[in-house]
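To keep things clear, I will list the structure first and then write my remarks on it.
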Amino acid sequence: MLLYNILKLMEKKAKIIATLGPSIYSESALKKLIKLGVDAFRINFSHNNSNINKVVSRIRRLETKTSRRIALIADLQGVKLRLGKLKNNYEIIKKNQLYNFDLQKKLGNNKRISFLYPILYKKIKKNNLILVDDGKYAFKVIKKNSKTIFTKCLSQNFKLKDNKSIHIKNISLPFTNLTQKDKHDIKTAKKLGCNWIALSYLQNAKLIKQARKLSGKHIGIISKIENKIALKNINEIIKETDAVMIARGDLALDVGHSEVPKIQLGLIKKCNNFSKSVIVATQMLESMIDNYTATRAEVNDIATAIFQGADTVMLSAETAVGRYPVQSVKTMVKTILSTEKYKKEHIEDFKSYVDAKRDPVKSIVLSVKDLAYNPSVKAIIAFSNSGRTAKIVSAMRPRVKIITISPNINVSRQMSLLWGVHSINSRDAKGWKDMMNISKEIIKKDNSIKKNDYVVITAGLPFGNAGMTNMIRLYKVGI
C-alpha cells in the first residue's frame, strides 16, 4: 500500500510548499492538500505558533494515512524590522499626510508610530524612503532630529496596521548573528521534529554555521536570499547551505523589482550546478488569497520557475490565511504538470549541466543520467542513507522517475523537497541480494514498468557504511 500510493503521485516532478495558518489547520484541509500534492509545510515563526504542535501531530498522522513523506520547515524570523503597535490596532493614512516615526515606546496613533531601532535610526537621512508592509506603502523622509523622523506619505489612502514590516531603501542591516528569538525557535523546531530550518536575512555563511551548531547535522538548512550582500556572498552561502530560497519579496525591495527576474534565473542555474535544491517563493498566487481564480501573470510566474529549473515553488498567505487554499494548490499543481509535460516533450532544450570534474561521485551519478536517457530505462532507484546521492541524481534532472530508499525517516522527509524524488523510508539493504529484492518489490508495484524494461539501480558499498555512491547496476525487468 505504501509503495502504491507513492507511485500514484509520481507524475509531478517539482515540489510544493504550503505555509501553515488558520485556513488549513484542520485535519480535513491538510488531508486535501497532501492528497493534491503538497510535499512540505512551512511554519512561519514570525507569527504566533502557540498551538502548532497539534497541527504538526495532524500532519504526521496524515503522513501515515496517505503513505507520503512530508517535510516540515521552520522559517525563522531573523532581524525583520517591524513597526510598533497602534492604539486602535490600525489607522487610516492618507496620501501626502505628514507622519512621524520615533523612538518612543508607546502606542501609535494617526500622527506617529514607534520605530525602535536606534542603530538604523542614525543612518536614515533626508529623502530616504521608508517602505511599510512588505513594500506596499511608502513614506519619504523630510527631516529628522534626535527623537523623530518626519515623513510624507507617498501612497494612496490605506490602512496601517500593528507590527507591519519596514524596509529602508539603500541602508543595509548591521546584524550578522542569530537573534535570541531565532535561537529559541531552533530549539522549538527540533522539538517539533522539523526537517528543515530556513534562515532569514542572512548576509554570508556565518549565520548558517551558527544555526547548524544549534540545530545539529540532521536538520537541513535553507538560506533565504533577500538582500544585495547575500548576492555578493552567494558562492560561500551555496557552498555551506543545503538549499536556497529565492525570497523575492524582500529581495525586490532591496535590489529593485526589475532586477529580480534575472537574479532568479541566475540563482536557479547556480544551485542546479552545485546540486543544491532551490525554492522560488513569494506572491506566486497572491490574488488567490481573496479570489477563486489566478491571474494569467501568476500562472506564468509559476511556469517560468519550472522552466528555469526550480526544485520547489511555495505558497505563503495563499494557504495560511487565504480564502481558497485548496484551489490555490490545484492551480499550482495543474500549472506544474502542464509545464513539465512541455519540458519532457522538448527535453533537448532543457538538459541540465552539472560540473563533475572535481567530484568522482557526481561523475558516477552523471553516468546514471546518461543511462536514463535510453528510452528503455523507466526509473532510477537510489539507495541513499544520507540523502547525498538523491540530491545529486535530482540535480541531474533525468527524464525518468527517481525513487530513493533511506532507513532514516528524517532523510526521507528532507528529500521530499528535491525535484523528481519520491522517497521511501525502508530498512537498508543488508547486501547485494537484499538490494535486488527491495528493488524488485518496488518495480512490481509500479504499473508503468513492464517486463524487459530497464531500471538503473545505484547504491554505495559496503551497505550501511558506504559514505558515497560507488555502484551502478542496469537491471532488466523479469530477468
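If you're wondering about the labels, chains in the C-alpha cells are A, B, ... by order shown, residues count from 1 in each chain, ligands from 1 in order shown.
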Which residues are near Gln283 (chain A)? Cut-off 8 Å, only C-alpha atoms, ignore same chain within fewer than 2 positions. Put them as a PDB file with N, CA and C atoms, in the first residue's frame.
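The resulting file, part_12.pdb, is shown below:
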ATOM      1  N   GLY A 249      10.139  38.790  -2.321  1.00  0.00           N
ATOM      2  CA  GLY A 249       9.512  39.989  -1.766  1.00  0.00           C
ATOM      3  C   GLY A 249      10.523  40.972  -1.217  1.00  0.00           C
ATOM      4  N   ALA A 281       9.920  31.586  -4.103  1.00  0.00           N
ATOM      5  CA  ALA A 281       8.856  31.942  -3.166  1.00  0.00           C
ATOM      6  C   ALA A 281       8.402  33.388  -3.344  1.00  0.00           C
ATOM      7  N   LEU A 285       0.781  33.136  -6.117  1.00  0.00           N
ATOM      8  CA  LEU A 285      -0.655  33.182  -6.432  1.00  0.00           C
ATOM      9  C   LEU A 285      -1.351  34.168  -5.483  1.00  0.00           C
ATOM     10  N   GLU A 286      -0.745  35.329  -5.332  1.00  0.00           N
ATOM     11  CA  GLU A 286      -1.190  36.331  -4.357  1.00  0.00           C
ATOM     12  C   GLU A 286      -2.668  36.690  -4.489  1.00  0.00           C
ATOM     13  N   LEU A 315       3.786  28.457  -1.584  1.00  0.00           N
ATOM     14  CA  LEU A 315       2.613  29.272  -1.310  1.00  0.00           C
ATOM     15  C   LEU A 315       2.725  29.815   0.106  1.00  0.00           C
ATOM     16  N   SER A 316       2.422  31.095   0.285  1.00  0.00           N
ATOM     17  CA  SER A 316       2.545  31.730   1.601  1.00  0.00           C
ATOM     18  C   SER A 316       1.156  32.021   2.174  1.00  0.00           C
TER      19      SER A 316
END
**OP:** Would you list the contacts of Ser426 (chain A) as a ChimeraX atom specification, taking every protein, DNA or RNA residue within 9 Å and counting only C-alpha atoms, but skipping same-chain residues closer than 4 positions in sequence?
**Re:** /A:405-409
Residues of the last selection are to be written out with N, CA and C atoms, as a PDB file, in the first residue's frame.
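File produced: again14.pdb:
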ATOM      1  N   ILE A 405      15.551   5.307  -1.491  1.00  0.00           N
ATOM      2  CA  ILE A 405      15.273   4.471  -0.327  1.00  0.00           C
ATOM      3  C   ILE A 405      16.259   4.840   0.769  1.00  0.00           C
ATOM      4  N   SER A 406      15.718   5.201   1.950  1.00  0.00           N
ATOM      5  CA  SER A 406      16.574   5.525   3.087  1.00  0.00           C
ATOM      6  C   SER A 406      15.984   4.944   4.370  1.00  0.00           C
ATOM      7  N   PRO A 407      16.820   4.377   5.238  1.00  0.00           N
ATOM      8  CA  PRO A 407      16.323   3.868   6.514  1.00  0.00           C
ATOM      9  C   PRO A 407      16.070   4.982   7.530  1.00  0.00           C
ATOM     10  N   ASN A 408      16.520   6.201   7.194  1.00  0.00           N
ATOM     11  CA  ASN A 408      16.401   7.353   8.094  1.00  0.00           C
ATOM     12  C   ASN A 408      15.147   8.152   7.735  1.00  0.00           C
ATOM     13  N   ILE A 409      14.143   8.178   8.620  1.00  0.00           N
ATOM     14  CA  ILE A 409      12.882   8.863   8.333  1.00  0.00           C
ATOM     15  C   ILE A 409      13.088  10.358   8.112  1.00  0.00           C
TER      16      ILE A 409
END
Write out as a PDB file with N, CA and C atoms, in the first residue's frame which residues come within 8 Å of Val329 (chain A) when counting only C-alpha atoms, dropping same-chain ones fewer than 4 positions away.
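Dumped everything to result34.pdb:
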ATOM      1  N   LEU A  33      -4.832  18.894   0.933  1.00  0.00           N
ATOM      2  CA  LEU A  33      -3.613  19.459   0.345  1.00  0.00           C
ATOM      3  C   LEU A  33      -2.545  18.394   0.107  1.00  0.00           C
ATOM      4  N   LEU A  36      -3.512  16.328  -2.849  1.00  0.00           N
ATOM      5  CA  LEU A  36      -3.358  17.079  -4.097  1.00  0.00           C
ATOM      6  C   LEU A  36      -1.903  17.144  -4.552  1.00  0.00           C
ATOM      7  N   GLY A  37      -0.967  17.046  -3.598  1.00  0.00           N
ATOM      8  CA  GLY A  37       0.438  17.053  -3.992  1.00  0.00           C
ATOM      9  C   GLY A  37       1.331  18.000  -3.227  1.00  0.00           C
ATOM     10  N   VAL A  38       0.878  18.545  -2.089  1.00  0.00           N
ATOM     11  CA  VAL A  38       1.770  19.354  -1.249  1.00  0.00           C
ATOM     12  C   VAL A  38       2.821  18.431  -0.644  1.00  0.00           C
ATOM     13  N   PRO A 325      -7.427  28.016  -0.205  1.00  0.00           N
ATOM     14  CA  PRO A 325      -6.154  27.283  -0.158  1.00  0.00           C
ATOM     15  C   PRO A 325      -6.132  26.039  -1.039  1.00  0.00           C
ATOM     16  N   VAL A 333      -0.532  22.856  -8.974  1.00  0.00           N
ATOM     17  CA  VAL A 333      -0.272  21.502  -9.493  1.00  0.00           C
ATOM     18  C   VAL A 333      -0.552  21.443 -10.988  1.00  0.00           C
TER      19      VAL A 333
END
**OP:** Give the alpha helix (DSSP H) residues of region 124-228 of chain A, as DSSP finds them on the backbone, and put them as a list in words.
**Re:**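 Alpha helix (DSSP H) members of region 124-228 of chain A, listed: Gln180, Lys181, Asp182, Lys183, His184, Asp185, Ile186, Lys187, Thr188, Ala189, Lys190, Lys191, Leu192, Lys206, Leu207, Ile208, Lys209, Gln210, Ala211, Arg212, Lys213, Leu214, Ser215 and Lys228 of chain A.
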Create the file for the chosen residues now, containing N, CA and C atoms and written as a PDB file, in the first residue's frame.
ATOM      1  N   GLN A 180      18.135  36.198  19.624  1.00  0.00           N
ATOM      2  CA  GLN A 180      17.742  35.324  20.736  1.00  0.00           C
ATOM      3  C   GLN A 180      16.455  34.576  20.394  1.00  0.00           C
ATOM      4  N   LYS A 181      15.559  35.253  19.693  1.00  0.00           N
ATOM      5  CA  LYS A 181      14.312  34.597  19.276  1.00  0.00           C
ATOM      6  C   LYS A 181      14.614  33.437  18.326  1.00  0.00           C
ATOM      7  N   ASP A 182      15.520  33.662  17.368  1.00  0.00           N
ATOM      8  CA  ASP A 182      15.869  32.588  16.428  1.00  0.00           C
ATOM      9  C   ASP A 182      16.473  31.388  17.162  1.00  0.00           C
ATOM     10  N   LYS A 183      17.326  31.657  18.122  1.00  0.00           N
ATOM     11  CA  LYS A 183      17.946  30.566  18.891  1.00  0.00           C
ATOM     12  C   LYS A 183      16.878  29.762  19.633  1.00  0.00           C
ATOM     13  N   HIS A 184      15.928  30.478  20.220  1.00  0.00           N
ATOM     14  CA  HIS A 184      14.828  29.806  20.927  1.00  0.00           C
ATOM     15  C   HIS A 184      13.972  29.009  19.948  1.00  0.00           C
ATOM     16  N   ASP A 185      13.714  29.602  18.776  1.00  0.00           N
ATOM     17  CA  ASP A 185      12.861  28.940  17.782  1.00  0.00           C
ATOM     18  C   ASP A 185      13.525  27.707  17.174  1.00  0.00           C
ATOM     19  N   ILE A 186      14.847  27.692  17.097  1.00  0.00           N
ATOM     20  CA  ILE A 186      15.550  26.494  16.624  1.00  0.00           C
ATOM     21  C   ILE A 186      15.316  25.335  17.601  1.00  0.00           C
ATOM     22  N   LYS A 187      15.359  25.623  18.893  1.00  0.00           N
ATOM     23  CA  LYS A 187      15.076  24.600  19.901  1.00  0.00           C
ATOM     24  C   LYS A 187      13.642  24.082  19.747  1.00  0.00           C
ATOM     25  N   THR A 188      12.716  25.016  19.509  1.00  0.00           N
ATOM     26  CA  THR A 188      11.320  24.629  19.313  1.00  0.00           C
ATOM     27  C   THR A 188      11.168  23.770  18.070  1.00  0.00           C
ATOM     28  N   ALA A 189      11.855  24.155  16.993  1.00  0.00           N
ATOM     29  CA  ALA A 189      11.794  23.401  15.732  1.00  0.00           C
ATOM     30  C   ALA A 189      12.280  21.975  15.927  1.00  0.00           C
ATOM     31  N   LYS A 190      13.330  21.798  16.717  1.00  0.00           N
ATOM     32  CA  LYS A 190      13.855  20.459  16.983  1.00  0.00           C
ATOM     33  C   LYS A 190      12.832  19.620  17.749  1.00  0.00           C
ATOM     34  N   LYS A 191      12.163  20.247  18.719  1.00  0.00           N
ATOM     35  CA  LYS A 191      11.142  19.533  19.496  1.00  0.00           C
ATOM     36  C   LYS A 191       9.958  19.131  18.622  1.00  0.00           C
ATOM     37  N   LEU A 192       9.630  19.982  17.652  1.00  0.00           N
ATOM     38  CA  LEU A 192       8.512  19.698  16.758  1.00  0.00           C
ATOM     39  C   LEU A 192       8.854  18.630  15.718  1.00  0.00           C
ATOM     40  N   LYS A 206      28.122  32.899   7.776  1.00  0.00           N
ATOM     41  CA  LYS A 206      28.275  32.900   9.238  1.00  0.00           C
ATOM     42  C   LYS A 206      27.011  32.425   9.947  1.00  0.00           C
ATOM     43  N   LEU A 207      25.870  32.926   9.505  1.00  0.00           N
ATOM     44  CA  LEU A 207      24.594  32.569  10.128  1.00  0.00           C
ATOM     45  C   LEU A 207      24.289  31.078   9.943  1.00  0.00           C
ATOM     46  N   ILE A 208      24.670  30.526   8.799  1.00  0.00           N
ATOM     47  CA  ILE A 208      24.442  29.104   8.521  1.00  0.00           C
ATOM     48  C   ILE A 208      25.221  28.256   9.513  1.00  0.00           C
ATOM     49  N   LYS A 209      26.476  28.614   9.744  1.00  0.00           N
ATOM     50  CA  LYS A 209      27.320  27.859  10.678  1.00  0.00           C
ATOM     51  C   LYS A 209      26.783  27.947  12.101  1.00  0.00           C
ATOM     52  N   GLN A 210      26.305  29.140  12.491  1.00  0.00           N
ATOM     53  CA  GLN A 210      25.726  29.306  13.832  1.00  0.00           C
ATOM     54  C   GLN A 210      24.484  28.433  13.993  1.00  0.00           C
ATOM     55  N   ALA A 211      23.628  28.442  12.978  1.00  0.00           N
ATOM     56  CA  ALA A 211      22.387  27.661  13.037  1.00  0.00           C
ATOM     57  C   ALA A 211      22.674  26.166  13.070  1.00  0.00           C
ATOM     58  N   ARG A 212      23.667  25.732  12.311  1.00  0.00           N
ATOM     59  CA  ARG A 212      23.979  24.299  12.252  1.00  0.00           C
ATOM     60  C   ARG A 212      24.506  23.780  13.603  1.00  0.00           C
ATOM     61  N   LYS A 213      25.237  24.617  14.322  1.00  0.00           N
ATOM     62  CA  LYS A 213      25.725  24.222  15.646  1.00  0.00           C
ATOM     63  C   LYS A 213      24.571  23.973  16.605  1.00  0.00           C
ATOM     64  N   LEU A 214      23.518  24.787  16.474  1.00  0.00           N
ATOM     65  CA  LEU A 214      22.363  24.661  17.367  1.00  0.00           C
ATOM     66  C   LEU A 214      21.389  23.581  16.912  1.00  0.00           C
ATOM     67  N   SER A 215      21.232  23.441  15.605  1.00  0.00           N
ATOM     68  CA  SER A 215      20.223  22.517  15.073  1.00  0.00           C
ATOM     69  C   SER A 215      20.732  21.085  14.975  1.00  0.00           C
ATOM     70  N   LYS A 228      21.218  42.468  -1.146  1.00  0.00           N
ATOM     71  CA  LYS A 228      22.385  42.622  -2.023  1.00  0.00           C
ATOM     72  C   LYS A 228      23.633  41.966  -1.448  1.00  0.00           C
TER      73      LYS A 228
END
Subject >> For Pro398 (chain A): contacts at 8 Å, only C-alpha atoms, fewer than 6 positions along chain excluded, given as a PyMOL selection string >> reply: chain A and resi 369+372-373
Take the residues from that selection and write them out as a CSV table (one decimal), in the first residue's frame, keeping C-alpha atoms.
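Saved result, result26.csv, follows:
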chain,number,residue,atom,x,y,z
A,369,LYS,CA,21.7,10.2,-16.0
A,372,ALA,CA,18.4,7.1,-18.1
A,373,TYR,CA,18.2,8.9,-21.4
Original post:
Could you name the residues that touch Ser338 (chain A) at 12 Å or less, counting only C-alpha atoms, but leaving out those on the same chain fewer than 5 positions away, as a list in words?
Top reply: Glu11, Lys12, Lys13, Ala14, Val299, Asn300, Ile302, Ala303, Thr304, Ile306, Phe307, Thr331, Met332, Val333, Lys343, Lys344 and Glu345 of chain A
**OP:** Find the residue from A:Lys54, A:Lys262, A:Lys80, A:Lys85 that sits nearest to Gln104 (chain A); use only C-alpha atoms when measuring.
**Re:** A:Lys85
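When the distance limit is 12 Å and only C-alpha atoms are what count, the residues near Asp301 (chain A), minus those fewer than 6 positions from it on the same chain, are Arg248, Pro261, Gln264, Val280, Ala281, Thr282, Gln283, Met284, Leu285, Glu286, Ala294, Thr295, Phe307, Gln308, Ala310, Val313, Met314, Met332, Thr335, Ile336 and Thr339 of chain A.
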Store the residues picked out above in a file with C-alpha atoms, as a short mmCIF file (atom, residue, chain, number, x, y, z; two decimals), in the first residue's frame.
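result.cif written:
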data_model
loop_
_atom_site.label_atom_id
_atom_site.label_comp_id
_atom_site.auth_asym_id
_atom_site.auth_seq_id
_atom_site.Cartn_x
_atom_site.Cartn_y
_atom_site.Cartn_z
CA ARG A 248 11.54 37.61 -3.94
CA PRO A 261 13.82 38.04 -12.81
CA GLN A 264 16.10 34.34 -10.07
CA VAL A 280 11.12 30.06 -5.57
CA ALA A 281 8.86 31.94 -3.17
CA THR A 282 6.65 35.00 -2.60
CA GLN A 283 3.36 36.08 -4.18
CA MET A 284 3.15 33.23 -6.66
CA LEU A 285 -0.66 33.18 -6.43
CA GLU A 286 -1.19 36.33 -4.36
CA ALA A 294 -5.45 33.14 -10.52
CA THR A 295 -4.31 35.82 -12.91
CA PHE A 307 11.02 26.13 -16.95
CA GLN A 308 14.10 27.66 -15.30
CA ALA A 310 13.39 25.29 -9.70
CA VAL A 313 7.61 26.54 -5.54
CA MET A 314 5.98 27.95 -2.42
CA MET A 332 -0.18 25.28 -8.82
CA THR A 335 0.48 24.58 -13.93
CA ILE A 336 3.43 22.40 -12.90
CA THR A 339 4.86 22.94 -17.89
#
Original post:
Neighbours of Arg60 (chain A) within 9 Å (only C-alpha atoms; same-chain residues fewer than 4 positions away dropped), as a list of chain:residue names?
Top reply: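 Close residues of Arg60 (chain A): A:Val55, A:Val56, A:Thr64, A:Lys65, A:Arg69, A:Ile70.
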Quick one: write out the picked residues with N, CA and C atoms as a CSV table (one decimal), in the first residue's frame?
chain,number,residue,atom,x,y,z
A,55,VAL,N,-1.1,20.9,15.2
A,55,VAL,CA,-1.1,20.8,13.8
A,55,VAL,C,-0.1,19.9,13.2
A,56,VAL,N,1.1,19.9,13.8
A,56,VAL,CA,2.2,19.0,13.4
A,56,VAL,C,1.8,17.6,13.7
A,64,THR,N,1.1,9.1,7.7
A,64,THR,CA,1.0,7.6,7.7
A,64,THR,C,-0.2,7.2,6.9
A,65,LYS,N,-1.4,7.9,7.1
A,65,LYS,CA,-2.6,7.5,6.4
A,65,LYS,C,-2.5,7.6,4.9
A,69,ARG,N,5.7,11.1,2.5
A,69,ARG,CA,6.7,11.6,3.4
A,69,ARG,C,6.7,13.1,3.2
A,70,ILE,N,6.3,13.8,4.3
A,70,ILE,CA,6.1,15.2,4.3
A,70,ILE,C,7.2,16.0,5.1
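CA of Pro22 (chain A) is found 10.3 Å from CA of Arg323 (chain A).
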**OP:** Using DSSP on the backbone coordinates, identify all residues within region 139-316 of chain A classified as strand (DSSP E); present the result as a ChimeraX atom specification.
**Re:** /A:139-144,148-153,158-161,166-168,196-199,220-225,243-247,277-281,312-315
Original post:
Closest to Arg473 (chain A) among A:Ser439, A:Lys217, A:Leu251, A:Ala243, using only C-alpha atoms?
Top reply: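 Of the candidates, the smallest distance to Arg473 (chain A) is held by A:Ser439.
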**OP:** Could you check how far CA of Asn127 (chain A) sits from CA of Val255 (chain A), in Å to one decimal?
**Re:**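 Separation of CA of Asn127 (chain A) and CA of Val255 (chain A): 17.8 Å.
Shortest separation to Glu226 (chain A) among A:Leu366, A:Cys271, A:Ile73, A:Ala252 occurs at residue A:Ala252, atoms counted being only C-alpha atoms.
Separating CA of Pro375 (chain A) from CA of Asp428 (chain A) is a distance of 29.3 Å.
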